[in-house]
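Colleague: Please read through the structure below; I'll follow up with questions.
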Amino acid sequence: MLQDRGVFFDMDGVILDTDSLWHHVIMSIQSRFRLDLSVLEESDGFSLSTEDAVRTVLESMGRFSEEALAGIVREADRIYASSFASLARLEDGIPELLTRLKDMGVRLALVSNSSAWQVDMAVSHFRLEGLFCATVSADDVSHPKPSPEPYLKALELTGLDAGQAVAVEDSMTGIRAASEASMRCIMVGPDLVDFSPGPSRVPRRLLGRSLERMLLADTMAASGTDI
């Protein structure tokens, strides 16, 4: 059993495939509010929280006001909520992986830049209740990713030290957050990925095997046993 080990998952792009959902949301608000999104394309900005991403766009366009920010975020949330059931789906193999890790005694956390209501919607819709011992959303911290605060909060909630947990991410925004929390990171992507220097990069189809090997290696090292 691995009660003193944890795996902390990002939500969008790791637990959920929300590419179609976010494309619909982004294209809708871009058209309605005449937004120039180039600043997000240049800086991994689509991995920011909705509020931070919209703030960044408005500031780059010289159009920022609290009223404008609130109005765009409200519309983005409305579109997201109304389209979630039809456009979001679980990534392949995720329910089985989460169940297997939980049965092994691993402490699982969901650490997302999404709002609390979006995290709750995903957990409820896909019946993931009981799998995570902690969830951290953008609403639970003062500074979402790329700040390390969400991961530090998850470590506090799970009672683990940074060296006992692994973060699974799909963006450099999330990798930066986990790395600055002194956690090890796995970056997942399509089957064809660039295995360049940096965080461990794993094809999505091999994520479960990679996590289990890493956790086993940790356990063996802690007990002074060679694999």
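Each chain in the structure tokens gets a letter, A, B and so on, in the order shown; residues start at 1 in every chain, and ligands are counted from 1 in the order they appear.
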Would you please extract all helix (DSSP H, G or I) residues from region 46-209 of chain A, as assigned by DSSP on the backbone, and give them as a PyMOL selection string?
Modeller: chain A and resi 46-47+50-60+66-87+94-103+116-125+138-140+149-158+162-164+172-180+204-209
Colleague: Can I get the selected residues back with C-alpha atoms, as a PDB file, in the first residue's frame?
Modeller:
```pdb
ATOM      1  CA  PHE A  46      -5.005  29.549 -22.416  1.00  0.00           C
ATOM      2  CA  SER A  47      -3.876  27.552 -19.373  1.00  0.00           C
ATOM      3  CA  THR A  50     -10.696  32.238 -17.008  1.00  0.00           C
ATOM      4  CA  GLU A  51     -10.522  35.454 -14.998  1.00  0.00           C
ATOM      5  CA  ASP A  52      -6.748  35.790 -15.373  1.00  0.00           C
ATOM      6  CA  ALA A  53      -6.905  35.024 -19.107  1.00  0.00           C
ATOM      7  CA  VAL A  54      -9.653  37.582 -19.757  1.00  0.00           C
ATOM      8  CA  ARG A  55      -7.841  40.150 -17.604  1.00  0.00           C
ATOM      9  CA  THR A  56      -4.653  39.596 -19.611  1.00  0.00           C
ATOM     10  CA  VAL A  57      -6.498  40.076 -22.918  1.00  0.00           C
ATOM     11  CA  LEU A  58      -8.315  43.232 -21.817  1.00  0.00           C
ATOM     12  CA  GLU A  59      -5.150  44.781 -20.404  1.00  0.00           C
ATOM     13  CA  SER A  60      -3.227  44.020 -23.619  1.00  0.00           C
ATOM     14  CA  GLU A  66     -13.765  45.499 -13.597  1.00  0.00           C
ATOM     15  CA  GLU A  67     -17.172  45.777 -15.264  1.00  0.00           C
ATOM     16  CA  ALA A  68     -15.868  44.514 -18.615  1.00  0.00           C
ATOM     17  CA  LEU A  69     -13.991  41.676 -16.913  1.00  0.00           C
ATOM     18  CA  ALA A  70     -17.035  40.565 -14.938  1.00  0.00           C
ATOM     19  CA  GLY A  71     -19.299  40.671 -17.994  1.00  0.00           C
ATOM     20  CA  ILE A  72     -17.025  38.551 -20.183  1.00  0.00           C
ATOM     21  CA  VAL A  73     -16.308  36.010 -17.448  1.00  0.00           C
ATOM     22  CA  ARG A  74     -20.035  35.729 -16.722  1.00  0.00           C
ATOM     23  CA  GLU A  75     -20.778  35.001 -20.393  1.00  0.00           C
ATOM     24  CA  ALA A  76     -17.915  32.510 -20.659  1.00  0.00           C
ATOM     25  CA  ASP A  77     -19.243  30.694 -17.590  1.00  0.00           C
ATOM     26  CA  ARG A  78     -22.760  30.608 -19.043  1.00  0.00           C
ATOM     27  CA  ILE A  79     -21.558  29.074 -22.313  1.00  0.00           C
ATOM     28  CA  TYR A  80     -19.344  26.596 -20.470  1.00  0.00           C
ATOM     29  CA  ALA A  81     -22.178  25.418 -18.215  1.00  0.00           C
ATOM     30  CA  SER A  82     -24.681  25.045 -21.049  1.00  0.00           C
ATOM     31  CA  SER A  83     -22.229  23.152 -23.290  1.00  0.00           C
ATOM     32  CA  PHE A  84     -20.386  20.979 -20.767  1.00  0.00           C
ATOM     33  CA  ALA A  85     -22.529  17.845 -21.002  1.00  0.00           C
ATOM     34  CA  SER A  86     -22.360  17.705 -24.792  1.00  0.00           C
ATOM     35  CA  LEU A  87     -18.729  18.703 -25.394  1.00  0.00           C
ATOM     36  CA  ILE A  94      -8.778   7.854 -16.538  1.00  0.00           C
ATOM     37  CA  PRO A  95     -11.545   6.226 -14.419  1.00  0.00           C
ATOM     38  CA  GLU A  96      -9.641   2.942 -14.346  1.00  0.00           C
ATOM     39  CA  LEU A  97      -6.342   4.683 -13.503  1.00  0.00           C
ATOM     40  CA  LEU A  98      -7.875   6.715 -10.662  1.00  0.00           C
ATOM     41  CA  THR A  99      -9.581   3.635  -9.212  1.00  0.00           C
ATOM     42  CA  ARG A 100      -6.404   1.569  -9.438  1.00  0.00           C
ATOM     43  CA  LEU A 101      -4.286   4.226  -7.714  1.00  0.00           C
ATOM     44  CA  LYS A 102      -6.882   4.725  -4.984  1.00  0.00           C
ATOM     45  CA  ASP A 103      -7.048   0.965  -4.378  1.00  0.00           C
ATOM     46  CA  ALA A 116     -14.901  25.626  -7.982  1.00  0.00           C
ATOM     47  CA  TRP A 117     -18.279  25.185  -9.664  1.00  0.00           C
ATOM     48  CA  GLN A 118     -16.580  23.841 -12.811  1.00  0.00           C
ATOM     49  CA  VAL A 119     -14.558  21.330 -10.792  1.00  0.00           C
ATOM     50  CA  ASP A 120     -17.690  20.282  -8.882  1.00  0.00           C
ATOM     51  CA  MET A 121     -19.622  19.923 -12.163  1.00  0.00           C
ATOM     52  CA  ALA A 122     -16.939  17.684 -13.640  1.00  0.00           C
ATOM     53  CA  VAL A 123     -16.652  15.476 -10.555  1.00  0.00           C
ATOM     54  CA  SER A 124     -20.429  15.090 -10.330  1.00  0.00           C
ATOM     55  CA  HIS A 125     -21.139  14.646 -14.044  1.00  0.00           C
ATOM     56  CA  ALA A 138      -8.858  28.735  -8.680  1.00  0.00           C
ATOM     57  CA  ASP A 139     -11.392  29.911  -6.084  1.00  0.00           C
ATOM     58  CA  ASP A 140      -9.513  28.179  -3.260  1.00  0.00           C
ATOM     59  CA  GLU A 149      -0.082  28.085  -4.281  1.00  0.00           C
ATOM     60  CA  PRO A 150      -2.604  25.524  -5.652  1.00  0.00           C
ATOM     61  CA  TYR A 151      -0.101  22.684  -5.246  1.00  0.00           C
ATOM     62  CA  LEU A 152       1.032  23.885  -1.839  1.00  0.00           C
ATOM     63  CA  LYS A 153      -2.643  23.915  -0.816  1.00  0.00           C
ATOM     64  CA  ALA A 154      -3.102  20.360  -2.094  1.00  0.00           C
ATOM     65  CA  LEU A 155      -0.048  19.208  -0.144  1.00  0.00           C
ATOM     66  CA  GLU A 156      -1.520  20.773   2.993  1.00  0.00           C
ATOM     67  CA  LEU A 157      -4.914  19.133   2.442  1.00  0.00           C
ATOM     68  CA  THR A 158      -3.445  15.674   1.799  1.00  0.00           C
ATOM     69  CA  ALA A 162       6.417  17.828  -1.768  1.00  0.00           C
ATOM     70  CA  GLY A 163       8.765  14.872  -2.162  1.00  0.00           C
ATOM     71  CA  GLN A 164       5.922  12.413  -1.563  1.00  0.00           C
ATOM     72  CA  MET A 172       3.982  24.580 -18.935  1.00  0.00           C
ATOM     73  CA  THR A 173       1.798  26.800 -16.739  1.00  0.00           C
ATOM     74  CA  GLY A 174       0.976  23.793 -14.575  1.00  0.00           C
ATOM     75  CA  ILE A 175       4.509  22.394 -14.732  1.00  0.00           C
ATOM     76  CA  ARG A 176       5.862  25.720 -13.481  1.00  0.00           C
ATOM     77  CA  ALA A 177       3.393  25.741 -10.594  1.00  0.00           C
ATOM     78  CA  ALA A 178       4.250  22.215  -9.488  1.00  0.00           C
ATOM     79  CA  SER A 179       7.983  22.714  -9.938  1.00  0.00           C
ATOM     80  CA  GLU A 180       7.938  25.864  -7.818  1.00  0.00           C
ATOM     81  CA  ARG A 204      -0.960   9.608 -22.555  1.00  0.00           C
ATOM     82  CA  ARG A 205      -1.402   5.888 -23.197  1.00  0.00           C
ATOM     83  CA  LEU A 206       1.594   5.147 -20.919  1.00  0.00           C
ATOM     84  CA  LEU A 207       0.622   7.428 -18.032  1.00  0.00           C
ATOM     85  CA  GLY A 208      -0.650   4.687 -15.732  1.00  0.00           C
ATOM     86  CA  ARG A 209       2.422   2.514 -16.235  1.00  0.00           C
TER      87      ARG A 209
END
```
Colleague: Of the residues A:Asp218, A:Glu91, A:Asp44, A:Asp12, which is the one nearest to Asn113 (chain A), using only C-alpha atoms?
Modeller: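 Checking each of A:Asp218, A:Glu91, A:Asp44, A:Asp12 against Asn113 (chain A), counting only C-alpha atoms, the winner is A:Asp12.
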Colleague: Expressed in Å to a single decimal, how great is the separation between CA of Leu128 (chain A) and CA of Leu108 (chain A)?
Modeller: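 Computed distance, CA of Leu128 (chain A) to CA of Leu108 (chain A), equals 11.4 Å.
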Colleague: Counting only C-alpha atoms, figure out which residue out of A:Cys133, A:Ala88, A:Leu40, A:Met187 gets nearest to Gln3 (chain A).
Modeller: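 Under the stated criterion, the closest residue is A:Cys133.
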Colleague: Residues near Ala167 (chain A), anyone? I mean within 8 Å using only C-alpha atoms, not counting same-chain ones fewer than 5 positions away, as a ChimeraX atom specification.
Modeller: /A:7-10,175,178,183-186
Colleague: Mind writing the picked residues with N, CA and C atoms as a PDB file, in the first residue's frame?
Modeller:
```pdb
ATOM      1  N   VAL A   7      -0.642  11.477  -5.905  1.00  0.00           N
ATOM      2  CA  VAL A   7      -0.618  11.914  -7.298  1.00  0.00           C
ATOM      3  C   VAL A   7      -1.658  13.018  -7.437  1.00  0.00           C
ATOM      4  N   PHE A   8      -1.219  14.179  -7.886  1.00  0.00           N
ATOM      5  CA  PHE A   8      -2.084  15.346  -8.021  1.00  0.00           C
ATOM      6  C   PHE A   8      -2.306  15.612  -9.511  1.00  0.00           C
ATOM      7  N   PHE A   9      -3.565  15.569  -9.940  1.00  0.00           N
ATOM      8  CA  PHE A   9      -3.913  15.689 -11.349  1.00  0.00           C
ATOM      9  C   PHE A   9      -4.464  17.079 -11.673  1.00  0.00           C
ATOM     10  N   ASP A  10      -3.993  17.649 -12.766  1.00  0.00           N
ATOM     11  CA  ASP A  10      -4.684  18.776 -13.373  1.00  0.00           C
ATOM     12  C   ASP A  10      -6.001  18.248 -13.942  1.00  0.00           C
ATOM     13  N   ILE A 175       3.191  22.919 -15.073  1.00  0.00           N
ATOM     14  CA  ILE A 175       4.509  22.394 -14.732  1.00  0.00           C
ATOM     15  C   ILE A 175       5.275  23.413 -13.891  1.00  0.00           C
ATOM     16  N   ALA A 178       3.838  23.388 -10.264  1.00  0.00           N
ATOM     17  CA  ALA A 178       4.250  22.215  -9.488  1.00  0.00           C
ATOM     18  C   ALA A 178       5.741  22.250  -9.180  1.00  0.00           C
ATOM     19  N   MET A 183       7.680  19.956  -6.362  1.00  0.00           N
ATOM     20  CA  MET A 183       7.153  18.636  -6.681  1.00  0.00           C
ATOM     21  C   MET A 183       7.736  18.115  -7.986  1.00  0.00           C
ATOM     22  N   ARG A 184       7.802  16.797  -8.097  1.00  0.00           N
ATOM     23  CA  ARG A 184       8.145  16.187  -9.375  1.00  0.00           C
ATOM     24  C   ARG A 184       6.929  16.271 -10.302  1.00  0.00           C
ATOM     25  N   CYS A 185       7.209  16.302 -11.604  1.00  0.00           N
ATOM     26  CA  CYS A 185       6.125  16.511 -12.573  1.00  0.00           C
ATOM     27  C   CYS A 185       6.204  15.494 -13.707  1.00  0.00           C
ATOM     28  N   ILE A 186       5.028  15.118 -14.158  1.00  0.00           N
ATOM     29  CA  ILE A 186       4.894  14.370 -15.403  1.00  0.00           C
ATOM     30  C   ILE A 186       4.023  15.203 -16.329  1.00  0.00           C
TER      31      ILE A 186
END
```
Colleague: Out of A:Glu169, A:Val111, A:Leu16, A:Gly6, which residue has the shortest atom-to-atom distance to Glu212 (chain A) when counting only C-alpha atoms?
Modeller: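 Selected residue with least distance to Glu212 (chain A): A:Gly6.
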Colleague: For Gly130 (chain A), which residue out of A:Leu110, A:Ile26, A:Pro146, A:Leu160 is the nearest one, using only C-alpha atoms?
Modeller: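 Using only C-alpha atoms, the shortest distance to Gly130 (chain A) belongs to A:Leu110.
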Colleague: Please, what distance in Å, to one decimal, runs between CA of Leu48 (chain A) and CA of Pro144 (chain A)?
Modeller: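 It comes out at 7.7 Å.
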